[in-house]
Amino acid sequence: METSFTGRIWVLGDDIDTDIIIPTEYLALKTIDDMKQYGFSPLRPELAGEIRKGDIIVAGKNFGCGSSREQAPEIIKALGIQCVIAKSFARIFFRNSINNGLLLIEQPELHDHVKEGDEVTVVMNQHVDHNGKQYPIASLPENLMDILRAGGLVKAMRKLNGLD
Amino acid sequence: MGETVIEKIIHHNTGKQVKPGDIATVSVDRVMIHDIFIPFVAEKFEEMGFQKLWDPDKAVLIYDHLVPASQLDDTRHFHTGDAFAEKYGMTHVHRSDGICHQLMTEAGYVKPGDVVFGTDSHTTTYGCVGAFSSGIGYTEMASILGTGSMWIRVPETIKVVINGKLPENVMSKDVILRLLGDLGADGATYRALEFTGSTVEEMSVSSRMTMANMAVEAGAKCALFTPDEKTAEYCNVTLNDYQKSLVGDEDASYCKTVVYQAEDFVPVMACPSQVDKIRNVSELSGIPIDQVFIGSCTNGRLEDLQAAAEVLKGRKVADYVKLIVTPASRKIYRQAIELGIMDVLAEAGAIITHPGCGLCCGRTGGILTDGERVVATNNRNFLGRMGTSKVEIYLASPKTAAACAVAGKIV
Amino acid sequence: MGMTIAEKIIAAAAGVDSVKPGDIHTVELDRLMSNDGTTHLTVDMYRNKLKHPHIKDTKKLVFIVDHNVPSDNPKTAASQKKMRDFAKENQIDFWEGKGVCHQVMMENYVRPGELIFGADSHTCSYGALGAFGTGVGCTDFLYGMVTGTSWVLVPETVKFNLIGRLPEGVYARDLILTIIGEIGANGCNYQVMEFTGEGAKTLSISDRMVLCNMAVEAGAKTGIFEADEKALEYLKEHGREPKAVYKSDPDAVYAREYTFDLSKVRPVAAKPDFVDNVVPVEEVAGLPIDEAFLGSCNNGRIEDLRVGAELIKGRKVADKVRFLVVPASLTVYRQALKEGLIDIFMEAGAIVMNPNCSVCWGSCQGVIGENEVLISTGTRNFKGRAGHPSSKVYLGSAATVTASAIAGKIALAGEIR
């Protein structure tokens, strides 16, 4: 995992729920690649097509609230987003993201100071930089870092089962 | 130092006293997987390299979101599920018996004090019988199926005290909606809710289920009710000492306590498109509607259908308005036949569907289009949940919903 | 020269003394029915293509939402909304969720002697009450809506002389499949199938609907019975009077005549992908199924539910089989509730759905997936009709379908009993 990285940002509001991230209608499509084009479609139908690899989402509070659908973080990852920075995250979404190796960062103020298209730089476990200002971020608990370092829960389990 | 209910459950499960913020590894008593996610669980399980389930008897597979199938690929999920169950010796498979959360409690898979995880956010429901239950994703489910354990962060607890007698037109749905409005959609994130007080004690297990079900809409990890005689009867068990002990200690530490007087509650609705945008029904009165939905794991139980039938008896659904009723389980459907409820609903003009998730999960069962407005008894009114993003969803109790169906507008 | 029932109805509708096959007449329509399959298209044409849009007589119109109930996606919801709004605006009789259109029409509107157009091919069902019902497209429907009239080419009539009585365990469904199997899927193109004889009299109104409903599967314009005492009794029970009761004249001219001995009919099934691909059930017995469907305008009436319930009472639906039971109307559903049939199906593990077209037209409720096999009491077994293009549909009677649901494979009711 990189210790610091920079990306262009997309700005979303509060309470971005899992039905917005991926509506139920598309949940039975066969693969994440089939589904990802519908990401965020109820709110911003154009967004999935415009996100580029390495982009970052900056959102308000309670990002990922709603259902347990793990397709939500998988789609965000598949679209190329390298991390989501929000004021706060809903808990199932939080677990699902870590388990899929999607980095989430809690930062209570950044959202109020950015606009879409800006660039931010993340220095892992330390701060996010925007427009010359540093916003502090907490480090993740060790057990979560273990999963992230392994590349997600599947890989961690494969290791446990002596496969990798 | 005293313990909250969730702390007692984790303590009992792990053999260690815990405090909020601790990371604990719990042994899982039961898991639930539903039809939408079974193909993903099966794939991840095999990818992880497991050869067998840690305990096939503890896993329950339920088809409910896709019953009856509405898209060409839906039945693939049934075949994948059947094959997985067969390969790994799972015998608890329900193919058309109702909504997962209803079946988990109704069919006796969950007992007071158990630790249960499910691949659905509304798994919090089982707190109605004093179980610690929570929703997880399919990767995590696959890992539990292999190991029988899961790590959790011990949550802080918010205590909710409600005393007194609820007014006649108020149901437990109104209570939980009001609480959501007060806490906010992220007001209990990562936390446990613990319900107590004379109002809660008076409530049926079904009414408690409605509240535990919606706790996740405030972000809660779980919601707990102390098991009592009603719980014992519902679960068909005699409570043991551990189960009886599941009450928050006097000196337990709560991050917050909120207190309500039951008599102060009024019928409310969650307005589009946030579950915590709560208004009194009286303030919304007169807004025309196109459809009413009574059902879901939140409010599709016998007492909900009964409440609706009492309103609808001898009346008709308003012209050009649809009333869709989706009972939560096969058992409830049959009980409702027995009590004459189904005939009352049918005579009033209701569209009664087979038990399942129906409209609540937005795949079929009464999808709407631009400019339409629905009053629904389920748990979410998110943008686009029941059709296009220009559909307005109001969440309400079954009593309120039935009254709206007759009036053709919010009343 | 004598006339058949169909010719007499057309003559009356055209205001002439007599008609003969091949004549073209302008006729006054008694009723026009349209459902959510196509009404939105008609409404679009009405709004966008007409210079002076108006409706001749709104009382003659009936709109019924039955194909996607409850709706399964925003597109169907939008079509239905268009239909609902138009009905409201123009004070058109509007039914939603009350049953399959043809069953709703039979219970509430159809009268002997009427000429009825429906924007649905199975409108031919109404011959069960001695009415001339036929399916038309949106354009014909729109013309009828605006003018109250239409033109018809007087069809030839083919006489089906029915003798004897159906044996125990054999149903009208087996009879019509046998007839279509014999004459072929285009055996009566543009013609009228008139069912007559002593055998016809033994059939209930529900049985007659089964026969007339599937006339279109032999290519016929309609199927028809003489309105006898049974028909008049049915009307009386439903609070209606006949418009006119016609009998075919002894010297009426028929294009062909067939005789079928009902006592010789056996349980049959139509194999994929054609309705006339008919074989004895024995020939396909043992084939594993994924889904069984008891319902539709062909076989979802109380008589059919009774047959199914009697067979499944005390038994269970096979483990992995989905057994869909879909009453043809709300009236049928309530009657079935009253008789305890719904509870029998629910106890056995069936999926009991709200009255609607369901998997018979392969949309919305209970669609079948890749390579799946369905045995159905629906009207058609065309390729992909019930879902995925690779799936297969077999047609059989309520008894055969229920027996198959119990066995998990195509089976004869006799084997289950």
# chains A, B, ... in the order shown; residues from 1 in each chain; ligands from 1
$ closest_atom_pairs --of "chain C" --to "chain A" --cutoff "12 Å" --atoms "only C-alpha atoms" --output "JSON lines"
{"residue": "C:Asp72", "atom": "CA", "partner": "A:Glu25", "partner_atom": "CA", "distance": 9.9}
{"residue": "C:Asn73", "atom": "CA", "partner": "A:Glu25", "partner_atom": "CA", "distance": 8.6}
{"residue": "C:Pro74", "atom": "CA", "partner": "A:Glu25", "partner_atom": "CA", "distance": 10.5}
$ interface_residues --of "chain A" --to "chain B" --cutoff "9 Å" --atoms "only C-alpha atoms" --output "PyMOL selection string"
chain A and resi 15+17+19-20+23-30+42-43+61-62+65-71+88-93+95-96+99-100+143+153-163
$ atom_distance --atom1 "atom CA of Ile85 of chain A" --atom2 "atom CA of His127 of chain A"
11.3 Å
$ interface_residues --of "chain C" --to "chain B" --cutoff "8 Å" --atoms "only C-alpha atoms" --output "number ranges by chain"
C: 69-75, 77-78, 81, 84, 88, 96-98, 320, 330, 334, 337, 343, 346-347, 349-355, 363-370, 387-388
$ write_last_selection --atoms "N, CA, C and O atoms" --output "compact mmCIF listing (two decimals), in the first residue's frame"
# COMPACT_ATOMS: atom_id res chain seq x y z
N VAL C 69 -48.88 -6.98 -13.08
CA VAL C 69 -49.48 -6.52 -11.83
C VAL C 69 -48.91 -7.32 -10.67
O VAL C 69 -49.02 -8.54 -10.66
N PRO C 70 -48.35 -6.71 -9.64
CA PRO C 70 -48.01 -5.29 -9.64
C PRO C 70 -46.80 -5.03 -10.53
O PRO C 70 -46.04 -5.94 -10.79
N SER C 71 -46.63 -3.80 -10.95
CA SER C 71 -45.65 -3.51 -11.99
C SER C 71 -44.22 -3.81 -11.52
O SER C 71 -43.91 -3.72 -10.35
N ASP C 72 -43.39 -4.19 -12.48
CA ASP C 72 -42.06 -4.69 -12.14
C ASP C 72 -40.93 -3.78 -12.56
O ASP C 72 -39.77 -4.07 -12.27
N ASN C 73 -41.21 -2.70 -13.25
CA ASN C 73 -40.14 -1.73 -13.53
C ASN C 73 -40.74 -0.39 -13.92
O ASN C 73 -41.94 -0.29 -14.21
N PRO C 74 -39.92 0.65 -13.89
CA PRO C 74 -40.44 1.99 -14.14
C PRO C 74 -41.11 2.14 -15.50
O PRO C 74 -42.04 2.94 -15.66
N LYS C 75 -40.67 1.36 -16.49
CA LYS C 75 -41.25 1.46 -17.82
C LYS C 75 -42.70 0.98 -17.83
O LYS C 75 -43.58 1.66 -18.36
N ALA C 77 -44.55 0.73 -15.25
CA ALA C 77 -45.29 1.66 -14.37
C ALA C 77 -45.72 2.90 -15.15
O ALA C 77 -46.83 3.39 -14.99
N ALA C 78 -44.84 3.37 -16.03
CA ALA C 78 -45.16 4.56 -16.82
C ALA C 78 -46.27 4.25 -17.82
O ALA C 78 -47.19 5.07 -18.02
N LYS C 81 -49.46 4.09 -15.90
CA LYS C 81 -49.87 5.43 -15.44
C LYS C 81 -50.57 6.18 -16.58
O LYS C 81 -51.59 6.83 -16.39
N ARG C 84 -53.97 4.70 -16.88
CA ARG C 84 -54.80 5.08 -15.72
C ARG C 84 -55.25 6.54 -15.85
O ARG C 84 -56.42 6.87 -15.67
N LYS C 88 -59.10 7.91 -16.32
CA LYS C 88 -59.64 8.86 -15.35
C LYS C 88 -60.17 10.10 -16.07
O LYS C 88 -61.30 10.55 -15.84
N GLU C 96 -57.86 -2.53 -12.22
CA GLU C 96 -56.43 -2.76 -12.01
C GLU C 96 -56.26 -3.76 -10.87
O GLU C 96 -56.76 -3.56 -9.77
N GLY C 97 -55.56 -4.85 -11.19
CA GLY C 97 -55.30 -5.85 -10.15
C GLY C 97 -56.52 -6.68 -9.81
O GLY C 97 -56.53 -7.39 -8.82
N LYS C 98 -57.54 -6.60 -10.63
CA LYS C 98 -58.77 -7.34 -10.32
C LYS C 98 -58.84 -8.67 -11.08
O LYS C 98 -59.77 -9.43 -10.89
N LYS C 320 -37.51 -28.61 -4.98
CA LYS C 320 -36.92 -27.48 -5.69
C LYS C 320 -37.84 -26.91 -6.78
O LYS C 320 -37.42 -26.07 -7.57
N LEU C 330 -59.97 -11.57 -8.93
CA LEU C 330 -60.16 -11.36 -7.49
C LEU C 330 -61.39 -12.13 -7.00
O LEU C 330 -61.42 -12.65 -5.89
N ARG C 334 -61.32 -14.84 -4.06
CA ARG C 334 -62.16 -14.79 -2.85
C ARG C 334 -62.97 -16.07 -2.68
O ARG C 334 -63.15 -16.57 -1.58
N LEU C 337 -60.62 -18.62 -1.42
CA LEU C 337 -60.38 -18.40 0.01
C LEU C 337 -61.50 -19.05 0.82
O LEU C 337 -61.26 -19.77 1.77
N ASP C 343 -55.64 -21.90 1.22
CA ASP C 343 -54.88 -22.45 2.34
C ASP C 343 -54.27 -23.80 1.99
O ASP C 343 -53.15 -24.11 2.40
N MET C 346 -51.24 -23.06 -0.03
CA MET C 346 -50.18 -22.47 0.80
C MET C 346 -49.56 -23.53 1.69
O MET C 346 -48.35 -23.56 1.89
N GLU C 347 -50.39 -24.39 2.25
CA GLU C 347 -49.86 -25.44 3.12
C GLU C 347 -48.93 -26.37 2.35
O GLU C 347 -47.92 -26.85 2.87
N GLY C 349 -47.01 -25.60 0.00
CA GLY C 349 -45.75 -24.96 -0.40
C GLY C 349 -45.82 -24.24 -1.73
O GLY C 349 -44.78 -23.88 -2.29
N ALA C 350 -47.03 -24.02 -2.24
CA ALA C 350 -47.17 -23.31 -3.51
C ALA C 350 -46.89 -21.82 -3.31
O ALA C 350 -46.92 -21.31 -2.19
N ILE C 351 -46.60 -21.16 -4.43
CA ILE C 351 -46.48 -19.70 -4.44
C ILE C 351 -47.81 -19.17 -4.96
O ILE C 351 -48.13 -19.33 -6.13
N VAL C 352 -48.61 -18.60 -4.08
CA VAL C 352 -49.93 -18.12 -4.48
C VAL C 352 -49.84 -16.63 -4.79
O VAL C 352 -49.48 -15.84 -3.92
N MET C 353 -50.15 -16.26 -5.99
CA MET C 353 -49.96 -14.87 -6.39
C MET C 353 -51.28 -14.14 -6.58
O MET C 353 -52.34 -14.75 -6.71
N ASN C 354 -51.18 -12.83 -6.60
CA ASN C 354 -52.35 -12.00 -6.88
C ASN C 354 -52.80 -12.26 -8.32
O ASN C 354 -51.98 -12.59 -9.17
N PRO C 355 -54.11 -12.12 -8.58
CA PRO C 355 -54.60 -12.35 -9.94
C PRO C 355 -53.88 -11.48 -10.97
O PRO C 355 -53.81 -10.27 -10.81
N SER C 363 -43.75 -12.31 -18.18
CA SER C 363 -43.17 -11.08 -17.69
C SER C 363 -43.53 -10.92 -16.24
O SER C 363 -44.57 -11.37 -15.80
N CYS C 364 -42.64 -10.29 -15.51
CA CYS C 364 -42.98 -9.78 -14.20
C CYS C 364 -43.00 -10.80 -13.08
O CYS C 364 -42.36 -10.64 -12.08
N GLN C 365 -43.70 -11.87 -13.20
CA GLN C 365 -43.89 -12.73 -12.04
C GLN C 365 -43.64 -14.19 -12.38
O GLN C 365 -44.43 -14.80 -13.09
N GLY C 366 -42.55 -14.72 -11.87
CA GLY C 366 -42.31 -16.14 -12.04
C GLY C 366 -41.66 -16.52 -13.34
O GLY C 366 -41.77 -17.67 -13.78
N VAL C 367 -40.95 -15.58 -13.98
CA VAL C 367 -40.29 -15.91 -15.25
C VAL C 367 -39.26 -17.02 -15.04
O VAL C 367 -38.69 -17.16 -13.97
N ILE C 368 -39.07 -17.81 -16.08
CA ILE C 368 -38.14 -18.93 -15.95
C ILE C 368 -36.82 -18.62 -16.64
O ILE C 368 -36.76 -17.85 -17.59
N GLY C 369 -35.76 -19.22 -16.12
CA GLY C 369 -34.41 -18.90 -16.57
C GLY C 369 -33.87 -19.83 -17.62
O GLY C 369 -34.60 -20.65 -18.20
N GLU C 370 -32.58 -19.70 -17.82
CA GLU C 370 -31.87 -20.45 -18.84
C GLU C 370 -32.10 -21.96 -18.70
O GLU C 370 -31.91 -22.52 -17.62
N GLY C 387 -40.02 -16.80 -20.50
CA GLY C 387 -38.78 -16.30 -19.93
C GLY C 387 -37.63 -16.41 -20.90
O GLY C 387 -37.69 -15.94 -22.03
N HIS C 388 -36.57 -17.07 -20.46
CA HIS C 388 -35.34 -17.17 -21.24
C HIS C 388 -35.57 -17.91 -22.56
O HIS C 388 -36.31 -18.90 -22.58
$ closest_residue --among "B:Glu156, B:Glu86, B:Asp114, B:Glu106" --to "Val28 of chain B" --atoms "only C-alpha atoms"
B:Asp114
$ atom_distance --atom1 "atom CA of Gly15 of chain C" --atom2 "atom CA of Phe141 of chain C"
20.7 Å
$ select_by_dssp --residues "chain A" --states "strand (DSSP E)" --output "ChimeraX atom specification"
/A:4-11,56-59,83-86,103-106,119-123,127-130,133-136
$ residues_around --residues "Gly135 of chain C" --least-positions-apart "2" --cutoff "8 Å" --atoms "only C-alpha atoms" --output "PyMOL selection string"
chain C and resi 117-124+133+137+221
$ residues_around --residues "segment 79-81 of chain A" --least-positions-apart "4" --cutoff "9 Å" --atoms "only C-alpha atoms" --output "VMD selection string"
chain A and resid 33 36 to 37 39 48 to 49 51 to 57 74 to 75 102
$ residues_around --residues "segment 23-31 of chain C" --least-positions-apart "3" --cutoff "10 Å" --atoms "only C-alpha atoms" --output "CSV table (one decimal) with N, CA, C and O atoms, in the first residue's frame"
chain,number,residue,atom,x,y,z
C,9,ILE,N,-74.6,-12.6,-35.5
C,9,ILE,CA,-74.2,-11.5,-34.7
C,9,ILE,C,-73.6,-10.4,-35.6
C,9,ILE,O,-73.9,-9.2,-35.4
C,10,ILE,N,-72.9,-10.7,-36.6
C,10,ILE,CA,-72.3,-9.7,-37.5
C,10,ILE,C,-73.5,-9.0,-38.3
C,10,ILE,O,-73.5,-7.8,-38.4
C,11,ALA,N,-74.4,-9.8,-38.7
C,11,ALA,CA,-75.6,-9.2,-39.5
C,11,ALA,C,-76.3,-8.1,-38.6
C,11,ALA,O,-76.6,-7.0,-39.1
C,12,ALA,N,-76.5,-8.5,-37.4
C,12,ALA,CA,-77.2,-7.6,-36.5
C,12,ALA,C,-76.3,-6.3,-36.2
C,12,ALA,O,-76.8,-5.2,-36.2
C,13,ALA,N,-75.0,-6.5,-36.1
C,13,ALA,CA,-74.1,-5.4,-35.8
C,13,ALA,C,-74.0,-4.5,-37.0
C,13,ALA,O,-73.7,-3.3,-36.9
C,14,ALA,N,-74.2,-5.1,-38.2
C,14,ALA,CA,-74.1,-4.4,-39.5
C,14,ALA,C,-75.4,-3.7,-39.8
C,14,ALA,O,-75.5,-2.9,-40.8
C,15,GLY,N,-76.5,-4.2,-39.1
C,15,GLY,CA,-77.8,-3.6,-39.4
C,15,GLY,C,-78.4,-4.2,-40.7
C,15,GLY,O,-79.1,-3.5,-41.4
C,16,VAL,N,-78.0,-5.4,-41.1
C,16,VAL,CA,-78.5,-6.0,-42.3
C,16,VAL,C,-79.2,-7.3,-42.0
C,16,VAL,O,-79.1,-7.9,-40.9
C,19,VAL,N,-75.8,-12.0,-43.9
C,19,VAL,CA,-74.5,-11.8,-44.4
C,19,VAL,C,-74.0,-13.2,-44.8
C,19,VAL,O,-74.5,-14.2,-44.4
C,20,LYS,N,-72.9,-13.2,-45.6
C,20,LYS,CA,-72.3,-14.5,-46.0
C,20,LYS,C,-70.8,-14.3,-46.0
C,20,LYS,O,-70.3,-13.2,-46.1
C,57,ASP,N,-68.2,6.7,-27.6
C,57,ASP,CA,-69.0,6.3,-26.5
C,57,ASP,C,-68.2,5.7,-25.4
C,57,ASP,O,-67.8,4.5,-25.5
C,58,THR,N,-67.8,6.5,-24.4
C,58,THR,CA,-66.9,6.0,-23.4
C,58,THR,C,-67.4,4.8,-22.6
C,58,THR,O,-66.7,4.0,-22.1
C,59,LYS,N,-68.8,4.7,-22.6
C,59,LYS,CA,-69.4,3.6,-21.9
C,59,LYS,C,-69.1,2.2,-22.5
C,59,LYS,O,-69.2,1.2,-21.9
C,60,LYS,N,-68.7,2.2,-23.8
C,60,LYS,CA,-68.4,1.0,-24.4
C,60,LYS,C,-66.9,0.5,-24.2
C,60,LYS,O,-66.5,-0.6,-24.5
C,61,LEU,N,-66.1,1.4,-23.6
C,61,LEU,CA,-64.7,1.1,-23.4
C,61,LEU,C,-64.5,0.5,-22.0
C,61,LEU,O,-65.1,0.9,-21.0
C,62,VAL,N,-63.6,-0.5,-22.0
C,62,VAL,CA,-63.1,-1.0,-20.7
C,62,VAL,C,-61.6,-1.2,-20.8
C,62,VAL,O,-61.0,-1.7,-21.7
C,109,TYR,N,-69.1,-8.0,-18.0
C,109,TYR,CA,-69.5,-7.3,-19.2
C,109,TYR,C,-70.2,-8.2,-20.3
C,109,TYR,O,-71.2,-7.8,-20.8
C,110,VAL,N,-69.6,-9.3,-20.7
C,110,VAL,CA,-70.0,-10.0,-21.9
C,110,VAL,C,-71.4,-10.5,-21.8
C,110,VAL,O,-71.9,-11.0,-20.8
C,111,ARG,N,-72.1,-10.2,-22.9
C,111,ARG,CA,-73.5,-10.7,-23.0
C,111,ARG,C,-73.7,-11.4,-24.4
C,111,ARG,O,-73.1,-11.1,-25.4
C,113,GLY,N,-74.7,-12.5,-27.9
C,113,GLY,CA,-75.2,-11.7,-29.1
C,113,GLY,C,-74.3,-10.4,-29.3
C,113,GLY,O,-74.5,-9.8,-30.3
C,114,GLU,N,-73.4,-10.1,-28.4
C,114,GLU,CA,-72.6,-8.9,-28.6
C,114,GLU,C,-71.4,-9.1,-29.5
C,114,GLU,O,-70.9,-10.3,-29.6
C,115,LEU,N,-71.0,-8.0,-30.1
C,115,LEU,CA,-69.8,-8.0,-30.9
C,115,LEU,C,-68.7,-7.2,-30.2
C,115,LEU,O,-68.9,-6.0,-29.9
C,116,ILE,N,-67.6,-7.9,-29.7
C,116,ILE,CA,-66.7,-7.2,-28.9
C,116,ILE,C,-65.3,-7.3,-29.5
C,116,ILE,O,-64.8,-8.4,-29.9
C,117,PHE,N,-64.6,-6.2,-29.5
C,117,PHE,CA,-63.2,-6.1,-29.9
C,117,PHE,C,-62.3,-6.0,-28.7
C,117,PHE,O,-62.6,-5.2,-27.8
C,118,GLY,N,-61.3,-6.7,-28.7
C,118,GLY,CA,-60.3,-6.6,-27.6
C,118,GLY,C,-58.9,-6.5,-28.1
C,118,GLY,O,-58.6,-7.2,-29.1
C,132,PHE,N,-69.5,-12.7,-29.9
C,132,PHE,CA,-68.5,-12.7,-30.9
C,132,PHE,C,-67.4,-11.8,-30.4
C,132,PHE,O,-67.5,-10.5,-30.5
C,133,GLY,N,-66.3,-12.4,-29.8
C,133,GLY,CA,-65.2,-11.5,-29.4
C,133,GLY,C,-64.0,-11.8,-30.2
C,133,GLY,O,-63.7,-13.0,-30.5
C,144,GLY,N,-62.1,2.0,-33.6
C,144,GLY,CA,-63.4,1.6,-32.9
C,144,GLY,C,-63.7,2.6,-31.8
C,144,GLY,O,-64.8,2.9,-31.6
C,145,MET,N,-62.6,3.0,-31.1
C,145,MET,CA,-62.8,3.9,-30.0
C,145,MET,C,-63.4,5.3,-30.5
C,145,MET,O,-64.3,5.8,-29.9
C,147,THR,N,-64.9,5.9,-33.6
C,147,THR,CA,-66.1,5.9,-34.4
C,147,THR,C,-67.2,5.0,-33.8
C,147,THR,O,-68.4,5.1,-34.2
C,148,GLY,N,-66.8,4.1,-32.9
C,148,GLY,CA,-67.8,3.1,-32.3
C,148,GLY,C,-68.1,2.0,-33.3
C,148,GLY,O,-68.9,1.1,-33.1
C,149,THR,N,-67.4,2.0,-34.4
C,149,THR,CA,-67.6,1.0,-35.5
C,149,THR,C,-66.3,0.4,-35.9
C,149,THR,O,-65.2,0.9,-35.6
C,150,SER,N,-66.4,-0.6,-36.8
C,150,SER,CA,-65.3,-1.1,-37.5
C,150,SER,C,-65.7,-1.8,-38.7
C,150,SER,O,-66.9,-1.9,-39.0
C,151,TRP,N,-64.8,-2.4,-39.5
C,151,TRP,CA,-65.2,-3.2,-40.6
C,151,TRP,C,-64.8,-4.6,-40.3
C,151,TRP,O,-63.8,-4.9,-39.6
C,152,VAL,N,-65.7,-5.6,-40.8
C,152,VAL,CA,-65.3,-7.0,-40.6
C,152,VAL,C,-65.5,-7.7,-42.0
C,152,VAL,O,-66.4,-7.4,-42.7
C,153,LEU,N,-64.6,-8.7,-42.2
C,153,LEU,CA,-64.7,-9.6,-43.3
C,153,LEU,C,-65.4,-10.8,-42.7
C,153,LEU,O,-65.0,-11.4,-41.7
C,154,VAL,N,-66.6,-11.1,-43.2
C,154,VAL,CA,-67.4,-12.2,-42.5
C,154,VAL,C,-66.6,-13.5,-42.7
C,154,VAL,O,-66.3,-13.9,-43.8
C,155,PRO,N,-66.3,-14.1,-41.6
C,155,PRO,CA,-65.5,-15.4,-41.7
C,155,PRO,C,-66.4,-16.6,-42.0
C,155,PRO,O,-67.6,-16.6,-41.7
C,243,LYS,N,-78.0,-9.8,-24.8
C,243,LYS,CA,-78.4,-8.8,-25.8
C,243,LYS,C,-79.3,-9.5,-26.8
C,243,LYS,O,-80.4,-9.1,-27.1
$ closest_residue --among "C:Pro267, C:Gly181, C:Gly340, C:Gly384" --to "Glu282 of chain C" --atoms "only C-alpha atoms"
C:Pro267
$ closest_atom_pairs --of "segment 174-240 of chain C" --to "segment 272-275 of chain C" --cutoff "9 Å" --atoms "only C-alpha atoms" --output "JSON lines"
{"residue": "C:Leu177", "atom": "CA", "partner": "C:Val275", "partner_atom": "CA", "distance": 7.4}
{"residue": "C:Ile180", "atom": "CA", "partner": "C:Val275", "partner_atom": "CA", "distance": 7.3}
{"residue": "C:Gly181", "atom": "CA", "partner": "C:Val275", "partner_atom": "CA", "distance": 7.4}
{"residue": "C:Gly184", "atom": "CA", "partner": "C:Val275", "partner_atom": "CA", "distance": 8.4}
{"residue": "C:Ala185", "atom": "CA", "partner": "C:Val275", "partner_atom": "CA", "distance": 6.7}
{"residue": "C:Glu217", "atom": "CA", "partner": "C:Val275", "partner_atom": "CA", "distance": 6.8}
{"residue": "C:Ala218", "atom": "CA", "partner": "C:Val275", "partner_atom": "CA", "distance": 8.5}
$ residues_around --residues "Ser4 of chain A" --least-positions-apart "5" --cutoff "8 Å" --atoms "only C-alpha atoms" --output "VMD selection string"
chain A and resid 121 to 124
$ write_last_selection --atoms "N, CA and C atoms" --output "PDB file, in the first residue's frame"
ATOM      1  N   THR A 121      -4.081  15.269  -1.699  1.00  0.00           N
ATOM      2  CA  THR A 121      -3.021  14.279  -1.486  1.00  0.00           C
ATOM      3  C   THR A 121      -3.241  13.626  -0.125  1.00  0.00           C
ATOM      4  N   VAL A 122      -3.221  12.284  -0.115  1.00  0.00           N
ATOM      5  CA  VAL A 122      -3.391  11.546   1.134  1.00  0.00           C
ATOM      6  C   VAL A 122      -2.029  11.046   1.601  1.00  0.00           C
ATOM      7  N   VAL A 123      -1.674  11.381   2.824  1.00  0.00           N
ATOM      8  CA  VAL A 123      -0.487  10.798   3.438  1.00  0.00           C
ATOM      9  C   VAL A 123      -1.017   9.814   4.489  1.00  0.00           C
ATOM     10  N   MET A 124      -0.850   8.552   4.195  1.00  0.00           N
ATOM     11  CA  MET A 124      -1.515   7.493   4.967  1.00  0.00           C
ATOM     12  C   MET A 124      -1.310   7.633   6.476  1.00  0.00           C
TER      13      MET A 124
END
$ atom_distance --atom1 "atom CA of Leu166 of chain B" --atom2 "atom CA of Ala396 of chain B"
16.1 Å
$ residues_around --residues "segment 173-180 of chain B" --least-positions-apart "4" --cutoff "10 Å" --atoms "only C-alpha atoms" --output "number ranges by chain"
B: 160, 162, 166, 169, 184-188, 207-219, 258, 260, 262, 265-270, 275-280, 298-299, 377-379, 395-400
$ select_by_dssp --residues "segment 20-162 of chain A" --states "helix (DSSP H, G or I)" --output "ChimeraX atom specification"
/A:20-21,24-26,32-38,47-50,71-78,91-99,110-113,142-150,153-160
$ closest_residue --among "C:Ala172, C:Leu41, C:Leu32, C:Val284" --to "Asp93 of chain C" --atoms "only C-alpha atoms"
C:Leu32
$ closest_residue --among "C:His67, C:His52, C:Arg256, C:Lys247" --to "Ile224 of chain C" --atoms "only C-alpha atoms"
C:Lys247
